[in-house]
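Reproduced below: target-v9.cif, with mmCIF, C-alpha atoms.
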```cif
data_upload
#
loop_
_atom_site.group_PDB
_atom_site.id
_atom_site.type_symbol
_atom_site.label_atom_id
_atom_site.label_comp_id
_atom_site.auth_asym_id
_atom_site.auth_seq_id
_atom_site.Cartn_x
_atom_site.Cartn_y
_atom_site.Cartn_z
ATOM 1 C CA MET A 1 -98.153 296.763 72.944
ATOM 2 C CA LYS A 2 -94.477 295.969 72.412
ATOM 3 C CA THR A 3 -93.029 292.520 72.771
ATOM 4 C CA ARG A 4 -90.352 292.407 75.447
ATOM 5 C CA PHE A 5 -87.523 289.971 74.740
ATOM 6 C CA TRP A 6 -85.434 288.457 77.527
ATOM 7 C CA LEU A 7 -82.549 286.581 75.927
ATOM 8 C CA ASP A 8 -79.617 284.523 77.102
ATOM 9 C CA PHE A 9 -76.235 285.073 75.425
ATOM 10 C CA ASP A 10 -73.884 282.084 75.622
ATOM 11 C CA SER A 11 -74.970 279.163 73.419
ATOM 12 C CA THR A 12 -78.321 280.904 72.835
ATOM 13 C CA LEU A 13 -77.409 283.904 70.701
ATOM 14 C CA THR A 14 -73.865 282.577 70.215
ATOM 15 C CA ILE A 15 -72.785 279.319 68.648
ATOM 16 C CA ASP A 16 -70.693 278.310 71.669
ATOM 17 C CA ASP A 17 -70.141 279.285 75.285
ATOM 18 C CA THR A 18 -67.855 282.337 75.213
ATOM 19 C CA ILE A 19 -66.117 282.191 78.602
ATOM 20 C CA ALA A 20 -63.163 280.489 76.889
ATOM 21 C CA HIS A 21 -63.120 283.329 74.342
ATOM 22 C CA LEU A 22 -63.085 285.901 77.149
ATOM 23 C CA ALA A 23 -60.381 283.981 79.022
ATOM 24 C CA ALA A 24 -58.120 284.020 75.961
ATOM 25 C CA LEU A 25 -57.950 287.839 75.880
ATOM 26 C CA PRO A 26 -55.496 288.487 78.753
ATOM 27 C CA TYR A 27 -53.174 285.750 77.452
ATOM 28 C CA LEU A 28 -53.233 287.320 73.991
ATOM 29 C CA LYS A 29 -52.198 290.646 75.526
ATOM 30 C CA ASN A 30 -49.610 289.017 77.783
ATOM 31 C CA PRO A 31 -48.348 285.659 76.466
ATOM 32 C CA SER A 32 -46.227 285.121 79.603
ATOM 33 C CA LEU A 33 -49.258 285.370 81.899
ATOM 34 C CA HIS A 34 -49.376 282.637 84.517
ATOM 35 C CA PRO A 35 -50.998 280.346 85.561
ATOM 36 C CA PRO A 36 -52.635 279.034 82.381
ATOM 37 C CA PHE A 37 -56.408 279.318 82.399
ATOM 38 C CA ASN A 38 -56.923 275.560 82.135
ATOM 39 C CA GLN A 39 -55.782 275.295 85.754
ATOM 40 C CA PHE A 40 -58.840 277.322 86.796
ATOM 41 C CA VAL A 41 -61.035 275.205 84.554
ATOM 42 C CA ASP A 42 -59.726 271.969 86.088
ATOM 43 C CA ARG A 43 -60.359 273.218 89.632
ATOM 44 C CA TYR A 44 -63.850 274.376 88.700
ATOM 45 C CA LEU A 45 -64.718 271.033 87.133
ATOM 46 C CA ALA A 46 -63.467 269.198 90.229
ATOM 47 C CA ASP A 47 -65.579 271.429 92.480
ATOM 48 C CA TYR A 48 -68.595 271.044 90.191
ATOM 49 C CA ALA A 49 -68.317 267.253 90.226
ATOM 50 C CA ALA A 50 -68.045 267.266 94.018
ATOM 51 C CA CYS A 51 -71.134 269.477 94.340
ATOM 52 C CA LYS A 52 -73.161 267.268 92.000
ATOM 53 C CA SER A 53 -72.186 264.111 93.883
ATOM 54 C CA GLY A 54 -72.642 265.595 97.345
ATOM 55 C CA ARG A 55 -68.979 265.146 98.264
ATOM 56 C CA PRO A 56 -67.147 267.748 100.382
ATOM 57 C CA LEU A 57 -65.164 270.293 98.435
ATOM 58 C CA SER A 58 -61.402 270.070 98.668
ATOM 59 C CA PRO A 59 -59.926 272.672 101.059
ATOM 60 C CA ASP A 60 -58.365 275.665 99.326
ATOM 61 C CA PRO A 61 -56.444 277.955 101.703
ATOM 62 C CA ALA A 62 -56.252 280.639 99.020
ATOM 63 C CA LEU A 63 -60.010 281.203 99.251
ATOM 64 C CA SER A 64 -61.869 283.228 101.890
ATOM 65 C CA ILE A 65 -65.143 281.310 101.469
ATOM 66 C CA ASN A 66 -66.720 279.435 104.381
ATOM 67 C CA ASP A 67 -70.051 277.691 104.873
ATOM 68 C CA SER A 68 -71.704 280.879 106.168
ATOM 69 C CA ASP A 69 -70.629 282.998 103.192
ATOM 70 C CA PRO A 70 -73.772 284.809 101.956
ATOM 71 C CA ARG A 71 -72.639 284.347 98.357
ATOM 72 C CA LEU A 72 -73.410 280.635 98.685
ATOM 73 C CA ALA A 73 -77.088 281.253 99.426
ATOM 74 C CA VAL A 74 -79.546 280.911 96.534
ATOM 75 C CA THR A 75 -82.812 282.540 97.612
ATOM 76 C CA CYS A 76 -85.423 282.162 94.915
ATOM 77 C CA PRO A 77 -88.526 284.353 94.472
ATOM 78 C CA THR A 78 -91.864 282.541 94.564
ATOM 79 C CA PRO A 79 -94.027 284.348 91.977
ATOM 80 C CA PHE A 80 -96.304 281.374 91.173
ATOM 81 C CA PRO A 81 -99.190 279.827 93.147
ATOM 82 C CA PRO A 82 -97.966 276.927 95.309
ATOM 83 C CA GLY A 83 -98.323 273.486 93.791
ATOM 84 C CA THR A 84 -98.719 274.685 90.192
ATOM 85 C CA PRO A 85 -96.440 273.251 87.485
ATOM 86 C CA ARG A 86 -94.460 276.483 87.245
ATOM 87 C CA ALA A 87 -93.961 276.643 91.015
ATOM 88 C CA LEU A 88 -92.826 273.018 91.130
ATOM 89 C CA ALA A 89 -90.430 273.467 88.226
ATOM 90 C CA LEU A 90 -88.996 276.684 89.665
ATOM 91 C CA ALA A 91 -88.360 275.080 93.054
ATOM 92 C CA ALA A 92 -86.615 272.123 91.415
ATOM 93 C CA ALA A 93 -84.526 274.399 89.175
ATOM 94 C CA ALA A 94 -83.518 276.561 92.158
ATOM 95 C CA ASP A 95 -82.458 273.451 94.092
ATOM 96 C CA ALA A 96 -80.325 272.246 91.164
ATOM 97 C CA ILE A 97 -78.744 275.686 90.821
ATOM 98 C CA ALA A 98 -78.059 275.930 94.567
ATOM 99 C CA GLN A 99 -76.350 272.541 94.502
ATOM 100 C CA VAL A 100 -73.507 273.848 92.308
ATOM 101 C CA GLN A 101 -73.378 277.429 93.614
ATOM 102 C CA PRO A 102 -70.247 276.742 95.736
ATOM 103 C CA ALA A 103 -68.344 275.686 92.609
ATOM 104 C CA GLU A 104 -69.331 278.894 90.823
ATOM 105 C CA ILE A 105 -68.377 281.170 93.714
ATOM 106 C CA ARG A 106 -65.056 279.405 94.370
ATOM 107 C CA SER A 107 -64.136 279.683 90.691
ATOM 108 C CA ILE A 108 -64.947 283.387 90.529
ATOM 109 C CA GLU A 109 -62.913 284.092 93.667
ATOM 110 C CA ARG A 110 -59.914 282.078 92.434
ATOM 111 C CA ILE A 111 -59.827 283.990 89.165
ATOM 112 C CA SER A 112 -60.347 287.349 90.870
ATOM 113 C CA ARG A 113 -57.530 286.692 93.348
ATOM 114 C CA ALA A 114 -55.177 285.614 90.567
ATOM 115 C CA GLY A 115 -55.806 288.890 88.705
ATOM 116 C CA ILE A 116 -55.933 287.185 85.333
ATOM 117 C CA PHE A 117 -58.239 289.869 83.913
ATOM 118 C CA PHE A 118 -56.067 292.797 85.059
ATOM 119 C CA ASP A 119 -55.241 295.777 82.813
ATOM 120 C CA LEU A 120 -57.878 295.350 80.114
ATOM 121 C CA THR A 121 -59.634 298.383 78.638
ATOM 122 C CA PRO A 122 -63.299 298.625 77.638
ATOM 123 C CA ALA A 123 -62.087 298.844 74.028
ATOM 124 C CA ASP A 124 -60.155 295.592 74.461
ATOM 125 C CA LEU A 125 -63.283 293.818 75.612
ATOM 126 C CA SER A 126 -65.568 295.319 72.978
ATOM 127 C CA GLU A 127 -63.165 294.542 70.128
ATOM 128 C CA HIS A 128 -62.625 291.009 71.436
ATOM 129 C CA GLY A 129 -66.391 290.539 71.590
ATOM 130 C CA ALA A 130 -66.775 291.642 67.979
ATOM 131 C CA ALA A 131 -65.079 288.399 66.895
ATOM 132 C CA ILE A 132 -67.735 286.193 68.524
ATOM 133 C CA PRO A 133 -69.996 284.528 65.942
ATOM 134 C CA LEU A 134 -73.722 284.442 66.610
ATOM 135 C CA ARG A 135 -75.948 281.558 65.627
ATOM 136 C CA PRO A 136 -77.289 281.793 62.063
ATOM 137 C CA GLY A 137 -80.447 283.883 62.044
ATOM 138 C CA ALA A 138 -79.859 285.441 65.484
ATOM 139 C CA ALA A 139 -78.496 288.766 64.211
ATOM 140 C CA ALA A 140 -81.331 289.106 61.692
ATOM 141 C CA ALA A 141 -83.903 288.516 64.437
ATOM 142 C CA LEU A 142 -82.278 291.118 66.682
ATOM 143 C CA ARG A 143 -82.205 293.706 63.902
ATOM 144 C CA LYS A 144 -85.863 293.050 63.041
ATOM 145 C CA TRP A 145 -86.994 293.422 66.641
ATOM 146 C CA LYS A 146 -84.893 296.554 67.141
ATOM 147 C CA ASP A 147 -86.281 298.132 63.960
ATOM 148 C CA ARG A 148 -89.882 297.678 65.066
ATOM 149 C CA GLY A 149 -89.157 299.109 68.528
ATOM 150 C CA ASP A 150 -89.420 296.000 70.699
ATOM 151 C CA ALA A 151 -87.611 296.021 74.041
ATOM 152 C CA ILE A 152 -84.646 293.622 74.008
ATOM 153 C CA THR A 153 -82.696 292.563 77.078
ATOM 154 C CA VAL A 154 -79.773 290.147 77.118
ATOM 155 C CA CYS A 155 -79.153 288.656 80.554
ATOM 156 C CA SER A 156 -76.158 286.387 81.016
ATOM 157 C CA VAL A 157 -73.978 284.701 83.639
ATOM 158 C CA ASN A 158 -70.979 285.680 81.490
ATOM 159 C CA TRP A 159 -68.295 287.777 83.205
ATOM 160 C CA SER A 160 -68.108 290.699 80.763
ATOM 161 C CA ALA A 161 -70.999 292.896 79.718
ATOM 162 C CA GLY A 162 -68.490 294.836 77.613
ATOM 163 C CA MET A 163 -67.608 291.785 75.556
ATOM 164 C CA ILE A 164 -71.299 290.946 75.097
ATOM 165 C CA CYS A 165 -72.033 294.489 73.905
ATOM 166 C CA GLY A 166 -69.145 294.261 71.446
ATOM 167 C CA ALA A 167 -70.503 291.004 70.007
ATOM 168 C CA LEU A 168 -74.037 292.366 69.667
ATOM 169 C CA ALA A 169 -72.910 295.655 68.110
ATOM 170 C CA ALA A 170 -70.776 293.875 65.522
ATOM 171 C CA ALA A 171 -73.565 291.492 64.555
ATOM 172 C CA ALA A 172 -76.705 293.605 64.825
ATOM 173 C CA GLY A 173 -75.609 297.242 65.144
ATOM 174 C CA ALA A 174 -74.923 299.335 68.223
ATOM 175 C CA GLY A 175 -77.660 300.263 70.673
ATOM 176 C CA GLY A 176 -81.162 298.999 71.166
ATOM 177 C CA VAL A 177 -80.262 296.169 73.527
ATOM 178 C CA SER A 178 -79.937 296.297 77.327
ATOM 179 C CA VAL A 179 -77.325 293.949 78.805
ATOM 180 C CA PHE A 180 -77.270 292.542 82.333
ATOM 181 C CA SER A 181 -74.402 290.316 83.435
ATOM 182 C CA SER A 182 -71.510 290.072 85.816
ATOM 183 C CA ASN A 183 -68.631 292.303 84.802
ATOM 184 C CA LEU A 184 -64.921 292.852 85.135
ATOM 185 C CA THR A 185 -64.384 295.581 87.723
ATOM 186 C CA LEU A 186 -63.018 298.779 86.181
ATOM 187 C CA GLU A 187 -60.645 301.189 87.880
ATOM 188 C CA VAL A 188 -62.335 304.412 86.839
ATOM 189 C CA GLU A 189 -59.309 306.706 87.178
ATOM 190 C CA CYS A 190 -57.035 304.451 85.129
ATOM 191 C CA GLY A 191 -59.688 303.133 82.774
ATOM 192 C CA VAL A 192 -58.507 299.521 83.035
ATOM 193 C CA THR A 193 -59.803 296.412 84.769
ATOM 194 C CA THR A 194 -58.596 295.550 88.259
ATOM 195 C CA GLY A 195 -58.631 291.785 87.724
ATOM 196 C CA GLU A 196 -61.666 291.253 89.946
ATOM 197 C CA ILE A 197 -64.998 289.917 88.725
ATOM 198 C CA ASP A 198 -68.085 291.779 89.943
ATOM 199 C CA ALA A 199 -70.276 288.690 90.231
ATOM 200 C CA SER A 200 -73.742 290.236 90.198
ATOM 201 C CA VAL A 201 -75.338 287.608 87.934
ATOM 202 C CA VAL A 202 -74.054 284.150 88.854
ATOM 203 C CA ASN A 203 -76.985 281.851 88.150
ATOM 204 C CA GLY A 204 -80.525 281.495 86.834
ATOM 205 C CA VAL A 205 -82.109 282.683 90.082
ATOM 206 C CA ASP A 206 -80.157 285.956 89.809
ATOM 207 C CA LYS A 207 -81.475 286.255 86.250
ATOM 208 C CA LEU A 208 -85.053 285.689 87.407
ATOM 209 C CA LYS A 209 -84.758 288.373 90.094
ATOM 210 C CA LEU A 210 -83.636 290.877 87.463
ATOM 211 C CA MET A 211 -86.405 289.824 85.104
ATOM 212 C CA LEU A 212 -89.094 290.261 87.757
ATOM 213 C CA GLU A 213 -87.647 293.657 88.668
ATOM 214 C CA TRP A 214 -87.725 294.908 85.077
ATOM 215 C CA MET A 215 -90.745 292.965 83.851
ATOM 216 C CA PRO A 216 -93.051 292.317 86.835
ATOM 217 C CA LEU A 217 -95.724 289.683 86.409
ATOM 218 C CA GLY A 218 -99.224 290.994 85.744
ATOM 219 C CA GLU A 219 -101.175 292.957 83.200
ATOM 220 C CA GLY A 220 -99.551 295.859 81.415
ATOM 221 C CA ARG A 221 -96.073 294.432 80.941
ATOM 222 C CA GLY A 222 -96.715 293.325 77.338
ATOM 223 C CA ARG A 223 -95.855 289.956 75.879
ATOM 224 C CA VAL A 224 -92.585 288.672 77.352
ATOM 225 C CA VAL A 225 -90.597 286.224 75.232
ATOM 226 C CA CYS A 226 -87.683 284.372 76.818
ATOM 227 C CA VAL A 227 -85.108 282.439 74.785
ATOM 228 C CA GLY A 228 -82.368 280.357 76.383
ATOM 229 C CA ASP A 229 -80.540 277.060 76.221
ATOM 230 C CA SER A 230 -79.875 275.717 79.718
ATOM 231 C CA LEU A 231 -80.934 275.211 83.329
ATOM 232 C CA ASN A 232 -79.873 278.771 84.166
ATOM 233 C CA ASP A 233 -82.510 280.046 81.729
ATOM 234 C CA LEU A 234 -85.355 277.901 83.018
ATOM 235 C CA PRO A 235 -86.425 280.167 85.934
ATOM 236 C CA CYS A 236 -86.924 283.108 83.559
ATOM 237 C CA MET A 237 -88.677 280.912 81.023
ATOM 238 C CA LEU A 238 -91.222 279.920 83.631
ATOM 239 C CA ALA A 239 -92.040 283.617 84.171
ATOM 240 C CA ALA A 240 -92.350 284.436 80.451
ATOM 241 C CA ASP A 241 -95.444 284.429 78.284
ATOM 242 C CA VAL A 242 -93.592 282.568 75.534
ATOM 243 C CA ALA A 243 -90.500 280.486 76.346
ATOM 244 C CA ILE A 244 -88.230 278.880 73.769
ATOM 245 C CA PHE A 245 -85.153 276.716 74.178
ATOM 246 C CA VAL A 246 -82.513 276.796 71.430
ATOM 247 C CA ALA A 247 -81.385 273.185 71.071
ATOM 248 C CA PRO A 248 -79.696 271.826 67.947
ATOM 249 C CA GLU A 249 -81.117 268.347 67.280
ATOM 250 C CA PHE A 250 -83.596 269.189 70.077
ATOM 251 C CA LYS A 251 -81.063 268.008 72.671
ATOM 252 C CA LEU A 252 -81.534 269.544 76.120
ATOM 253 C CA SER A 253 -79.701 268.670 79.311
ATOM 254 C CA GLY A 254 -81.084 265.814 81.350
ATOM 255 C CA SER A 255 -81.568 268.093 84.359
ATOM 256 C CA VAL A 256 -83.874 270.393 82.379
ATOM 257 C CA THR A 257 -85.973 267.636 80.848
ATOM 258 C CA SER A 258 -86.369 265.766 84.145
ATOM 259 C CA ILE A 259 -87.470 268.942 85.967
ATOM 260 C CA LEU A 260 -90.060 269.721 83.301
ATOM 261 C CA ASP A 261 -91.291 266.124 83.125
ATOM 262 C CA GLU A 262 -91.791 265.917 86.871
ATOM 263 C CA ALA A 263 -93.589 269.279 86.943
ATOM 264 C CA GLY A 264 -95.880 268.354 84.053
ATOM 265 C CA ILE A 265 -94.592 271.012 81.665
ATOM 266 C CA ALA A 266 -94.610 269.946 78.018
ATOM 267 C CA LEU A 267 -91.811 270.560 75.535
ATOM 268 C CA VAL A 268 -93.181 271.400 72.084
ATOM 269 C CA ARG A 269 -90.919 271.318 69.030
ATOM 270 C CA LEU A 270 -90.773 274.107 66.470
ATOM 271 C CA PRO A 271 -91.754 274.463 63.709
ATOM 272 C CA LEU A 272 -95.218 273.333 64.682
ATOM 273 C CA ALA A 273 -96.937 270.635 62.668
ATOM 274 C CA ALA A 274 -100.040 272.860 62.587
ATOM 275 C CA PRO A 275 -100.647 276.550 63.398
ATOM 276 C CA ILE A 276 -101.215 277.215 67.061
ATOM 277 C CA ALA A 277 -104.843 277.970 67.844
ATOM 278 C CA GLU A 278 -105.517 281.508 69.061
ATOM 279 C CA ALA A 279 -107.457 280.208 72.047
ATOM 280 C CA ASP A 280 -104.468 278.015 72.923
ATOM 281 C CA GLU A 281 -101.873 280.723 72.400
ATOM 282 C CA ALA A 282 -101.173 281.361 76.080
ATOM 283 C CA ALA A 283 -100.081 278.330 78.045
ATOM 284 C CA ASP A 284 -102.793 277.219 80.440
ATOM 285 C CA GLU A 285 -101.691 277.157 84.069
ATOM 286 C CA ALA A 286 -102.821 273.538 84.367
ATOM 287 C CA ALA A 287 -100.759 272.441 81.354
ATOM 288 C CA PRO A 288 -97.997 274.975 80.576
ATOM 289 C CA ARG A 289 -95.495 274.368 77.813
ATOM 290 C CA ILE A 290 -92.083 275.480 76.613
ATOM 291 C CA PHE A 291 -91.089 275.450 72.956
ATOM 292 C CA VAL A 292 -87.869 273.970 71.578
ATOM 293 C CA ALA A 293 -86.278 275.070 68.313
ATOM 294 C CA GLU A 294 -83.197 273.955 66.437
ATOM 295 C CA SER A 295 -82.585 277.337 64.830
ATOM 296 C CA TRP A 296 -83.178 281.068 65.151
ATOM 297 C CA ASP A 297 -84.949 281.031 61.814
ATOM 298 C CA ASP A 298 -87.576 278.718 63.319
ATOM 299 C CA ILE A 299 -87.853 280.939 66.403
ATOM 300 C CA SER A 300 -88.279 284.111 64.349
ATOM 301 C CA ALA A 301 -90.857 282.545 62.030
ATOM 302 C CA PHE A 302 -92.876 281.180 64.934
ATOM 303 C CA LEU A 303 -92.917 284.511 66.769
ATOM 304 C CA ASP A 304 -93.918 286.317 63.564
ATOM 305 C CA SER A 305 -96.853 283.936 63.174
ATOM 306 C CA VAL A 306 -97.977 284.584 66.731
ATOM 307 C CA GLU A 307 -97.610 288.373 66.335
ATOM 308 C CA THR A 308 -99.824 288.471 63.225
ATOM 309 C CA ARG A 309 -102.900 287.163 65.070
#
```
Re-express the file's structure as structure tokens.
Amino acid sequence: MKTRFWLDFDSTLTIDDTIAHLAALPYLKNPSLHPPFNQFVDRYLADYAACKSGRPLSPDPALSINDSDPRLAVTCPTPFPPGTPRALALAAAADAIAQVQPAEIRSIERISRAGIFFDLTPADLSEHGAAIPLRPGAAAALRKWKDRGDAITVCSVNWSAGMICGALAAAAGAGGVSVFSSNLTLEVECGVTTGEIDASVVNGVDKLKLMLEWMPLGEGRGRVVCVGDSLNDLPCMLAADVAIFVAPEFKLSGSVTSILDEAGIALVRLPLAAPIAEADEAADEAAPRIFVAESWDDISAFLDSVETR
């Protein structure tokens, strides 16, 4: 049975977060574009800090968001038995994600209303994506998995599926990878973007809902491998058969490590000091684990060793 890969994009397959790369495109096409993107970044960071500290958000009359806005709700599936480590970790991750959801939604609406991403073509986005460098070893892993017929899905909170597809095609060849993310709305008749962001994948709970839709839990789905780097990847990792964080120097965010510690989920570094025992290959529900690797070479080698048994 095929392995089914569920992969994050930014800072997992790529070296860095690529929102800044995406944001540079309209300013390259129109150097007189205003306001500068750092104004949106500054407002987002202020909102994010307020959310994290529990302070009220500063009023912004340009926004149409109020406390009853359905976009602020983060409703998480509950696919695990109550009280189990995975259920506890998922609930904690969903709470942490919900805490900063207002900052994400306000930022998306500000940028959409400003029309920064107006008048871009699919070719613009694909070509701009082609310049994004992937982490060493990531492209080789993608090509190997594509060649042997594994199912590969990239699911991201990035704002442009077109840019992601351009990056993946340039690095690992066109086709063979499904991409789910938010996207820049396209005016079909004109063939250019409207400036609005279609925010269909905003956070890790949105990613989990898509994963459970495409890869439902239970027998017959094959081995599901999830690779990510952040809190927004943790919900999907909890629903995978094999979960791996990419973390240079094994450094993960404090929010991720505290959630896993409190839930009793172990972090195991790759490469392993000794081969994993076949009987121990699947994480036991009483003591689940998530792997951590510094490089894609270590991830690929580990998965190859598991596949050969």
Practice problem: Show me as number ranges by chain the residues that reach within 6 Å of (-88.7, 286.9, 85.5), counting all atoms listed in the file and using the file's own coordinates. | Solution: A: 208, 211-212, 236, 239
Can you write just those residues out, C-alpha atoms, as an mmCIF file, keeping the file's coordinate frame?
```
data_model
loop_
_atom_site.group_PDB
_atom_site.id
_atom_site.type_symbol
_atom_site.label_atom_id
_atom_site.label_comp_id
_atom_site.auth_asym_id
_atom_site.auth_seq_id
_atom_site.Cartn_x
_atom_site.Cartn_y
_atom_site.Cartn_z
ATOM 1 C CA LEU A 208 -85.053 285.689 87.407
ATOM 2 C CA MET A 211 -86.405 289.824 85.104
ATOM 3 C CA LEU A 212 -89.094 290.261 87.757
ATOM 4 C CA CYS A 236 -86.924 283.108 83.559
ATOM 5 C CA ALA A 239 -92.040 283.617 84.171
#
```
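Nearest to Cys190 in chain A of all the residues A:Leu120, A:Ala301, A:Ile97, A:Ala24 is A:Leu120, counting all atoms listed in the file.
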Starting from the shown file, work through the PyMOL selection byres ((chain A and resi 68-84) around 9) and note down what comes out as a PDB file with C-alpha atoms, in the coordinates of the input.
```pdb
ATOM      1  CA  SER A  64     -61.869 283.228 101.890  1.00  0.00           C
ATOM      2  CA  ILE A  65     -65.143 281.310 101.469  1.00  0.00           C
ATOM      3  CA  ASN A  66     -66.720 279.435 104.381  1.00  0.00           C
ATOM      4  CA  ASP A  67     -70.051 277.691 104.873  1.00  0.00           C
ATOM      5  CA  PRO A  85     -96.440 273.251  87.485  1.00  0.00           C
ATOM      6  CA  ARG A  86     -94.460 276.483  87.245  1.00  0.00           C
ATOM      7  CA  ALA A  87     -93.961 276.643  91.015  1.00  0.00           C
ATOM      8  CA  LEU A  88     -92.826 273.018  91.130  1.00  0.00           C
ATOM      9  CA  ALA A  89     -90.430 273.467  88.226  1.00  0.00           C
ATOM     10  CA  LEU A  90     -88.996 276.684  89.665  1.00  0.00           C
ATOM     11  CA  ALA A  91     -88.360 275.080  93.054  1.00  0.00           C
ATOM     12  CA  ALA A  94     -83.518 276.561  92.158  1.00  0.00           C
ATOM     13  CA  ASP A  95     -82.458 273.451  94.092  1.00  0.00           C
ATOM     14  CA  ILE A  97     -78.744 275.686  90.821  1.00  0.00           C
ATOM     15  CA  ALA A  98     -78.059 275.930  94.567  1.00  0.00           C
ATOM     16  CA  GLN A 101     -73.378 277.429  93.614  1.00  0.00           C
ATOM     17  CA  PRO A 102     -70.247 276.742  95.736  1.00  0.00           C
ATOM     18  CA  ILE A 105     -68.377 281.170  93.714  1.00  0.00           C
ATOM     19  CA  ASN A 203     -76.985 281.851  88.150  1.00  0.00           C
ATOM     20  CA  VAL A 205     -82.109 282.683  90.082  1.00  0.00           C
ATOM     21  CA  ASP A 206     -80.157 285.956  89.809  1.00  0.00           C
ATOM     22  CA  LEU A 208     -85.053 285.689  87.407  1.00  0.00           C
ATOM     23  CA  LYS A 209     -84.758 288.373  90.094  1.00  0.00           C
ATOM     24  CA  LEU A 212     -89.094 290.261  87.757  1.00  0.00           C
ATOM     25  CA  LEU A 217     -95.724 289.683  86.409  1.00  0.00           C
ATOM     26  CA  ALA A 239     -92.040 283.617  84.171  1.00  0.00           C
ATOM     27  CA  ALA A 263     -93.589 269.279  86.943  1.00  0.00           C
ATOM     28  CA  GLU A 285    -101.691 277.157  84.069  1.00  0.00           C
ATOM     29  CA  ALA A 286    -102.821 273.538  84.367  1.00  0.00           C
TER      30      ALA A 286
END
```
Practice problem: Write out as a ChimeraX atom specification each polymer residue whose atoms come within 12 Å of range 193-200 of chain A, counting only C-alpha atoms; drop sequence neighbours fewer than 6 positions from it. | Solution: /A:23,26,71,104-125,155-162,180-187,206-207,209-210
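With distances restricted to only C-alpha atoms, A:His21 is the closest residue to Ile132 in chain A from A:Lys52, A:His21, A:Arg43, A:Lys144.
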Self-check item: Matched chain/residue IDs from the PyMOL selection byres ((chain A and resi 9) around 10), as a VMD selection string
Solution: chain A and resid 7 to 8 10 to 18 134 154 to 158 164 167 to 168 179 181 227 to 229
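Computed from the coordinates, the CA of Met163 in chain A to CA of His128 in chain A distance equals 6.5 Å.
What the PyMOL selection byres ((chain A and resi 146) around 12) grabs from this file is Lys2, Thr3, Arg4, Phe5, Ala139, Ala140, Ala141, Leu142, Arg143, Lys144, Trp145, Asp147, Arg148, Gly149, Asp150, Ala151, Ile152, Thr153, Leu168, Ala172, Gly173, Ala174, Gly175, Gly176, Val177 and Ser178 of chain A.
Across the structure, CA of Leu22 in chain A and CA of Cys165 in chain A are spaced 12.8 Å apart.
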Practice problem: Kindly extract all protein, DNA and RNA residues lying within 9 Å of the coordinates (-80.6, 271.9, 72.4) given in the file, considering all atoms listed in the file, and supply them as JSON, numbers by chain. | Solution: {"A": [229, 230, 245, 246, 247, 248, 249, 250, 251, 252, 253, 292, 293, 294]}
Quiz item: So what do you get for CA of Pro136 in chain A versus CA of Ile299 in chain A, distance-wise?
Solution: 11.5 Å
Quiz item: Of the residues A:Val100, A:Cys226, A:Pro36, A:Tyr27, which is the one nearest to Ala49 in chain A, using only C-alpha atoms?
Solution: A:Val100
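Minimum atom-to-atom distance to Ser58 in chain A, evaluated using all atoms listed in the file, belongs to A:Ala103 out of A:Pro235, A:Pro35, A:Ala103, A:Ser305.
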